[in-house]
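Data file: run-v3.cif. Format and content: mmCIF, C-alpha atoms.
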data_model
#
loop_
_atom_site.label_atom_id
_atom_site.label_comp_id
_atom_site.auth_asym_id
_atom_site.auth_seq_id
_atom_site.Cartn_x
_atom_site.Cartn_y
_atom_site.Cartn_z
CA LYS A 13 177.79 117.06 237.69
CA GLN A 14 181.57 117.40 237.61
CA GLU A 15 183.45 114.15 237.21
CA VAL A 16 187.21 113.73 237.34
CA THR A 17 188.94 110.75 235.76
CA GLN A 18 192.58 109.75 236.02
CA ILE A 19 194.35 107.43 233.63
CA PRO A 20 196.12 105.11 234.13
CA ALA A 21 194.98 103.75 237.49
CA ALA A 22 198.41 102.24 238.06
CA LEU A 23 201.80 102.65 236.45
CA SER A 24 205.12 100.89 236.97
CA VAL A 25 208.27 102.28 235.38
CA PRO A 26 212.03 101.81 235.75
CA GLU A 27 214.00 104.54 237.45
CA GLY A 28 215.01 107.41 235.21
CA GLU A 29 212.03 107.35 232.89
CA ASN A 30 210.01 110.43 232.10
CA LEU A 31 206.31 109.85 232.56
CA VAL A 32 202.92 111.50 232.13
CA LEU A 33 199.86 111.16 234.31
CA ASN A 34 196.53 112.16 232.83
CA CYS A 35 193.50 113.81 234.36
CA SER A 36 190.25 114.74 232.64
CA PHE A 37 187.21 116.61 233.92
CA THR A 38 183.74 116.98 232.46
CA ASP A 39 182.89 120.62 233.27
CA SER A 40 185.37 123.29 232.21
CA ALA A 41 183.96 125.86 234.67
CA ILE A 42 186.70 125.54 237.26
CA TYR A 43 188.58 127.96 239.52
CA ASN A 44 191.69 125.87 239.60
CA LEU A 45 193.12 122.37 239.44
CA GLN A 46 195.45 120.91 242.01
CA TRP A 47 197.75 117.88 241.89
CA PHE A 48 198.49 116.04 245.13
CA ARG A 49 200.71 113.23 246.21
CA GLN A 50 199.62 110.67 248.80
CA ASP A 51 201.93 108.12 250.37
CA PRO A 52 200.33 104.96 251.82
CA GLY A 53 198.41 105.72 254.98
CA LYS A 54 199.36 109.39 254.89
CA GLY A 55 197.70 112.71 254.17
CA LEU A 56 197.84 114.69 250.93
CA THR A 57 200.81 116.79 249.89
CA SER A 58 200.09 119.56 247.39
CA LEU A 59 202.39 119.39 244.37
CA LEU A 60 201.11 122.01 241.95
CA LEU A 61 198.17 124.38 241.72
CA ILE A 62 197.07 125.73 238.33
CA GLN A 63 194.63 128.60 238.24
CA SER A 64 191.99 128.52 235.49
CA SER A 65 193.76 131.35 233.65
CA GLN A 66 197.08 129.53 233.60
CA ARG A 67 198.33 126.90 231.17
CA GLU A 68 201.06 125.28 233.23
CA GLN A 69 203.01 125.26 236.47
CA THR A 70 206.45 123.85 237.21
CA SER A 71 208.16 122.75 240.39
CA GLY A 72 211.50 120.99 240.13
CA ARG A 73 211.05 117.81 238.10
CA LEU A 74 207.28 118.27 237.96
CA ASN A 75 205.32 120.11 235.31
CA ALA A 76 201.54 120.30 235.22
CA SER A 77 199.55 121.58 232.28
CA LEU A 78 195.94 122.63 232.01
CA ASP A 79 193.74 122.76 228.92
CA LYS A 80 190.46 123.97 230.32
CA SER A 81 188.57 123.96 227.04
CA SER A 82 189.22 120.26 226.50
CA GLY A 83 188.91 119.38 230.17
CA ARG A 84 192.38 117.93 230.53
CA SER A 85 195.43 118.22 232.71
CA THR A 86 198.69 116.31 232.66
CA LEU A 87 201.37 115.88 235.28
CA TYR A 88 204.80 115.32 233.79
CA ILE A 89 207.49 113.79 236.00
CA ALA A 90 211.00 113.99 234.64
CA ALA A 91 213.75 111.50 235.48
CA SER A 92 211.60 109.46 237.85
CA GLN A 93 213.10 108.17 241.11
CA PRO A 94 212.02 105.40 243.51
CA GLY A 95 211.07 108.14 245.98
CA ASP A 96 208.40 109.29 243.52
CA SER A 97 206.44 106.09 244.21
CA ALA A 98 203.07 107.17 245.59
CA THR A 99 199.49 107.79 244.54
CA TYR A 100 198.96 110.99 242.57
CA LEU A 101 195.59 112.68 242.83
CA CYS A 102 194.09 115.30 240.58
CA ALA A 103 191.34 117.55 241.95
CA VAL A 104 189.31 120.42 240.50
CA ASN A 105 187.77 123.33 242.37
CA GLU A 106 184.68 124.14 240.37
CA ILE A 107 182.61 127.23 239.77
CA GLY A 108 178.85 126.95 240.05
CA SER A 109 175.66 128.23 241.61
CA SER A 110 176.23 125.91 244.52
CA ASN A 111 179.93 126.56 244.62
CA THR A 112 181.24 125.56 247.98
CA GLY A 113 184.92 125.68 247.15
CA LYS A 114 185.02 121.92 247.44
CA LEU A 115 187.43 119.76 245.53
CA ILE A 116 186.28 117.02 243.20
CA PHE A 117 188.91 114.28 243.22
CA GLY A 118 189.89 111.72 240.66
CA GLN A 119 190.50 108.14 241.68
CA GLY A 120 194.25 108.59 241.54
CA THR A 121 197.17 107.01 239.71
CA THR A 122 199.37 104.72 241.77
CA LEU A 123 202.95 105.03 240.58
CA GLN A 124 205.74 102.59 241.27
CA VAL A 125 209.26 103.50 240.22
CA LYS A 126 211.57 100.51 240.27
CA PRO A 127 215.28 100.94 241.09
CA GLU B 11 200.72 129.02 253.11
CA ALA B 12 198.73 127.69 256.05
CA ASP B 13 200.20 125.49 258.73
CA ILE B 14 197.56 122.88 259.39
CA TYR B 15 197.58 120.51 262.34
CA GLN B 16 195.46 117.45 262.96
CA THR B 17 195.41 115.41 266.14
CA PRO B 18 195.49 112.61 266.95
CA ARG B 19 197.36 111.08 264.05
CA TYR B 20 196.04 107.61 264.86
CA LEU B 21 193.12 106.62 267.09
CA VAL B 22 191.75 103.21 268.00
CA ILE B 23 188.58 103.41 270.05
CA GLY B 24 185.73 101.20 271.17
CA THR B 25 182.19 101.28 269.82
CA GLY B 26 179.94 103.82 271.48
CA LYS B 27 182.66 106.21 272.58
CA LYS B 28 182.50 109.92 271.88
CA ILE B 29 185.50 111.28 270.00
CA THR B 30 186.68 114.65 268.75
CA LEU B 31 189.21 115.02 265.97
CA GLU B 32 191.11 118.27 266.18
CA CYS B 33 192.02 120.49 263.23
CA SER B 34 193.73 123.83 263.56
CA GLN B 35 195.41 126.29 261.23
CA THR B 36 197.65 129.25 261.96
CA MET B 37 196.99 131.58 259.04
CA GLY B 38 193.48 132.78 259.81
CA HIS B 39 191.87 131.42 256.63
CA ASP B 40 188.08 131.46 256.61
CA LYS B 41 187.25 128.44 254.44
CA MET B 42 187.94 125.04 255.97
CA TYR B 43 186.94 121.56 254.90
CA TRP B 44 186.77 117.98 256.20
CA TYR B 45 187.14 115.07 253.80
CA GLN B 46 186.73 111.36 254.48
CA GLN B 47 188.77 108.72 252.73
CA ASP B 48 188.11 105.01 253.12
CA PRO B 49 191.09 102.71 252.37
CA GLY B 50 191.83 102.65 248.65
CA MET B 51 188.90 104.92 247.92
CA GLU B 52 188.29 108.47 246.76
CA LEU B 53 188.05 111.46 249.06
CA HIS B 54 184.60 112.85 249.74
CA LEU B 55 183.60 116.11 251.38
CA ILE B 56 181.72 115.67 254.67
CA HIS B 57 181.74 119.17 256.22
CA TYR B 58 182.87 122.69 255.43
CA SER B 59 182.86 126.14 256.94
CA TYR B 60 183.10 129.65 255.50
CA GLY B 61 184.10 131.19 258.82
CA VAL B 62 183.18 131.54 262.47
CA ASN B 63 179.71 130.16 263.25
CA SER B 64 179.37 128.80 259.71
CA THR B 65 179.11 125.05 259.18
CA GLU B 66 177.63 123.06 256.32
CA LYS B 67 177.27 119.41 255.42
CA GLY B 68 179.11 118.10 252.41
CA ASP B 69 178.28 115.59 249.73
CA LEU B 70 178.84 112.45 251.76
CA SER B 71 176.33 111.85 254.49
CA SER B 72 178.11 111.65 257.82
CA GLU B 73 176.97 111.13 261.39
CA SER B 74 179.73 113.44 262.54
CA THR B 75 179.26 117.08 263.48
CA VAL B 76 181.59 120.07 263.34
CA SER B 77 181.88 123.43 265.02
CA ARG B 78 183.63 126.69 264.18
CA ILE B 79 183.77 128.87 267.26
CA ARG B 80 187.18 130.26 266.40
CA THR B 81 188.71 130.83 262.99
CA GLU B 82 191.73 128.68 263.70
CA HIS B 83 189.87 125.60 265.00
CA PHE B 84 187.51 123.29 263.12
CA PRO B 85 186.98 120.15 265.23
CA LEU B 86 184.94 117.13 264.13
CA THR B 87 182.95 115.12 266.67
CA LEU B 88 181.40 111.66 266.63
CA GLU B 89 178.95 111.30 269.52
CA SER B 90 178.89 107.50 269.38
CA ALA B 91 181.59 105.84 267.31
CA ARG B 92 180.76 102.75 265.26
CA PRO B 93 182.93 100.39 263.17
CA SER B 94 181.45 101.97 260.02
CA HIS B 95 183.20 105.22 261.02
CA THR B 96 186.58 103.57 260.53
CA SER B 97 188.30 105.75 257.95
CA GLN B 98 190.87 108.47 257.42
CA TYR B 99 189.71 112.03 258.08
CA LEU B 100 191.53 114.90 256.38
CA CYS B 101 191.15 118.57 257.16
CA ALA B 102 192.26 121.53 255.06
CA PRO B 103 191.86 125.28 254.69
CA ASN B 104 191.18 126.56 251.18
CA HIS B 105 192.94 129.80 250.34
CA TYR B 106 193.81 129.89 246.65
CA GLY B 107 194.36 126.16 246.94
CA TYR B 108 194.17 123.46 249.58
CA THR B 109 196.78 122.58 252.18
CA PHE B 110 195.87 119.33 253.87
CA GLY B 111 196.82 118.22 257.34
CA SER B 112 198.43 114.86 257.96
CA GLY B 113 195.03 113.34 258.69
CA THR B 114 193.58 111.22 261.47
CA ARG B 115 193.31 107.51 260.87
CA LEU B 116 190.38 106.32 262.97
CA THR B 117 189.69 102.68 263.79
CA VAL B 118 186.55 101.80 265.73
CA VAL B 119 186.56 98.32 267.20
#
So, in terms of structure tokens, how does the structure I just supplied come out?
Amino acid sequence: KQEVTQIPAALSVPEGENLVLNCSFTDSAIYNLQWFRQDPGKGLTSLLLIQSSQREQTSGRLNASLDKSSGRSTLYIAASQPGDSATYLCAVNEIGSSNTGKLIFGQGTTLQVKP
Amino acid sequence: EADIYQTPRYLVIGTGKKITLECSQTMGHDKMYWYQQDPGMELHLIHYSYGVNSTEKGDLSSESTVSRIRTEHFPLTLESARPSHTSQYLCAPNHYGYTFGSGTRLTVV
């Protein structure tokens, strides 16, 4: 059974720092991995999608990497800003005999960027 | 990228009422999904559809039902709402990645 784990559960940093959020998954048979952002009480905003054949994706100050063989992904945020404060969720779309296209989510990392 | 709309955004309703949460998308994608998220908790799949007239139950047991009569609409219905149904409900099509709607935050009193 696929399990997704995110470390740390919470992170507080001063503005301007570069930071890394970690995501690990137990089964490397995945179609893709997606990083989302969720603000309190809101829906999910897609940040980056990495296909299984890709190693990384970049969007602005965000860079996500994928090492499928080791079951790991990282989300790198450069020059963090207070507006980056949110919960970041990692989710994998797995391959399998019962593949439904569903996402398996991690528990999330709650980020606070202090001015 | 799909435009995905969920209504209502917030709903407070009394126990025993029937409710329908609307989800619609404009891009004609076949695969659509409903996830449930309790406050501070992980998201869990409750229903999905591969296209018109296709509906399946997800991992998390739910008393809700869904229908898929048209490609663009994937509504979720609770026949008799209970306080245990209080949660956030998120809908999304899956087409080379998910695009979630803004969600419906349901409170049953």
Take the PyMOL selection byres ((chain B) within 9 of (chain A)), run it mentally on this structure, and tell me the resulting residues as a PDB file with C-alpha atoms, keeping the file's coordinate frame.
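For reference, part-v1.pdb as written:
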ATOM      1  CA  LYS B  41     187.250 128.440 254.440  1.00  0.00           C
ATOM      2  CA  TYR B  43     186.940 121.560 254.900  1.00  0.00           C
ATOM      3  CA  PRO B  49     191.090 102.710 252.370  1.00  0.00           C
ATOM      4  CA  GLY B  50     191.830 102.650 248.650  1.00  0.00           C
ATOM      5  CA  MET B  51     188.900 104.920 247.920  1.00  0.00           C
ATOM      6  CA  GLU B  52     188.290 108.470 246.760  1.00  0.00           C
ATOM      7  CA  LEU B  53     188.050 111.460 249.060  1.00  0.00           C
ATOM      8  CA  HIS B  54     184.600 112.850 249.740  1.00  0.00           C
ATOM      9  CA  LEU B  55     183.600 116.110 251.380  1.00  0.00           C
ATOM     10  CA  TYR B  58     182.870 122.690 255.430  1.00  0.00           C
ATOM     11  CA  TYR B  60     183.100 129.650 255.500  1.00  0.00           C
ATOM     12  CA  GLY B  68     179.110 118.100 252.410  1.00  0.00           C
ATOM     13  CA  GLN B  98     190.870 108.470 257.420  1.00  0.00           C
ATOM     14  CA  TYR B  99     189.710 112.030 258.080  1.00  0.00           C
ATOM     15  CA  LEU B 100     191.530 114.900 256.380  1.00  0.00           C
ATOM     16  CA  ASN B 104     191.180 126.560 251.180  1.00  0.00           C
ATOM     17  CA  TYR B 106     193.810 129.890 246.650  1.00  0.00           C
ATOM     18  CA  GLY B 107     194.360 126.160 246.940  1.00  0.00           C
ATOM     19  CA  TYR B 108     194.170 123.460 249.580  1.00  0.00           C
ATOM     20  CA  THR B 109     196.780 122.580 252.180  1.00  0.00           C
ATOM     21  CA  PHE B 110     195.870 119.330 253.870  1.00  0.00           C
ATOM     22  CA  GLY B 111     196.820 118.220 257.340  1.00  0.00           C
ATOM     23  CA  SER B 112     198.430 114.860 257.960  1.00  0.00           C
ATOM     24  CA  GLY B 113     195.030 113.340 258.690  1.00  0.00           C
ATOM     25  CA  THR B 114     193.580 111.220 261.470  1.00  0.00           C
ATOM     26  CA  ARG B 115     193.310 107.510 260.870  1.00  0.00           C
TER      27      ARG B 115
END
For this file, the PyMOL selection byres ((chain B and resi 18) around 10) selects which residues, as number ranges by chain? B: 15-17, 19-21, 30-33, 112-116
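Residues with any atom within 10 Å of Arg73 of chain A, counting all atoms listed in the file and excluding same-chain neighbours fewer than 5 positions away, are Asn30, Tyr88, Ile89, Ala90, Ala91 and Ser92 of chain A.
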With only C-alpha atoms as the counted atoms, please give the residues lying no more than 12 Å from Met37 of chain B, apart from itself and same-chain residues fewer than 5 positions off, as a list of chain:residue names.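 The neighbour list is B:Glu11, B:Ala12, B:Asp13, B:Ile14, B:Tyr15, B:Met42, B:Thr81, B:Glu82, B:His83, B:Ala102, B:Pro103, B:Asn104, B:His105, B:Thr109.
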Tell me which of B:Thr25, B:Gln47, B:Thr36, B:Ser71 sits closest to Ser97 of chain B, counting all atoms listed in the file. B:Gln47
Exercise: segment 33-38 of chain A partners within 10 Å, only C-alpha atoms, chain neighbours under 2 positions left out, as an MDAnalysis selection string: chainID A and resid 13:23 31 40:42 45 47 76:80 82:89 100:104 116:123
Go through the shown structure with the PyMOL selection byres ((chain A and resi 98) around 7) and write out the matching residues as a PyMOL selection string. chain A and resi 49-51+96-97+99-100+122-124
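Going from atom CA of Thr96 of chain B over to atom CA of Ser72 of chain B, you cover 12.0 Å.
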What does the distance between atom CA of Gln69 of chain A and atom CA of Glu27 of chain A come to in Å, to one decimal place?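 A separation of 23.5 Å between them.
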Between atom CA of Ser74 of chain B and atom CA of Trp44 of chain B, what is the distance, to one decimal in Å?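 Distance reported for this atom pair: 10.5 Å.
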Do a neighbour search on Pro94 of chain A at 7 Å with all atoms listed in the file, toss out local chain neighbours closer than 4 positions, and write the hits as a PyMOL selection string. chain A and resi 27+125-127
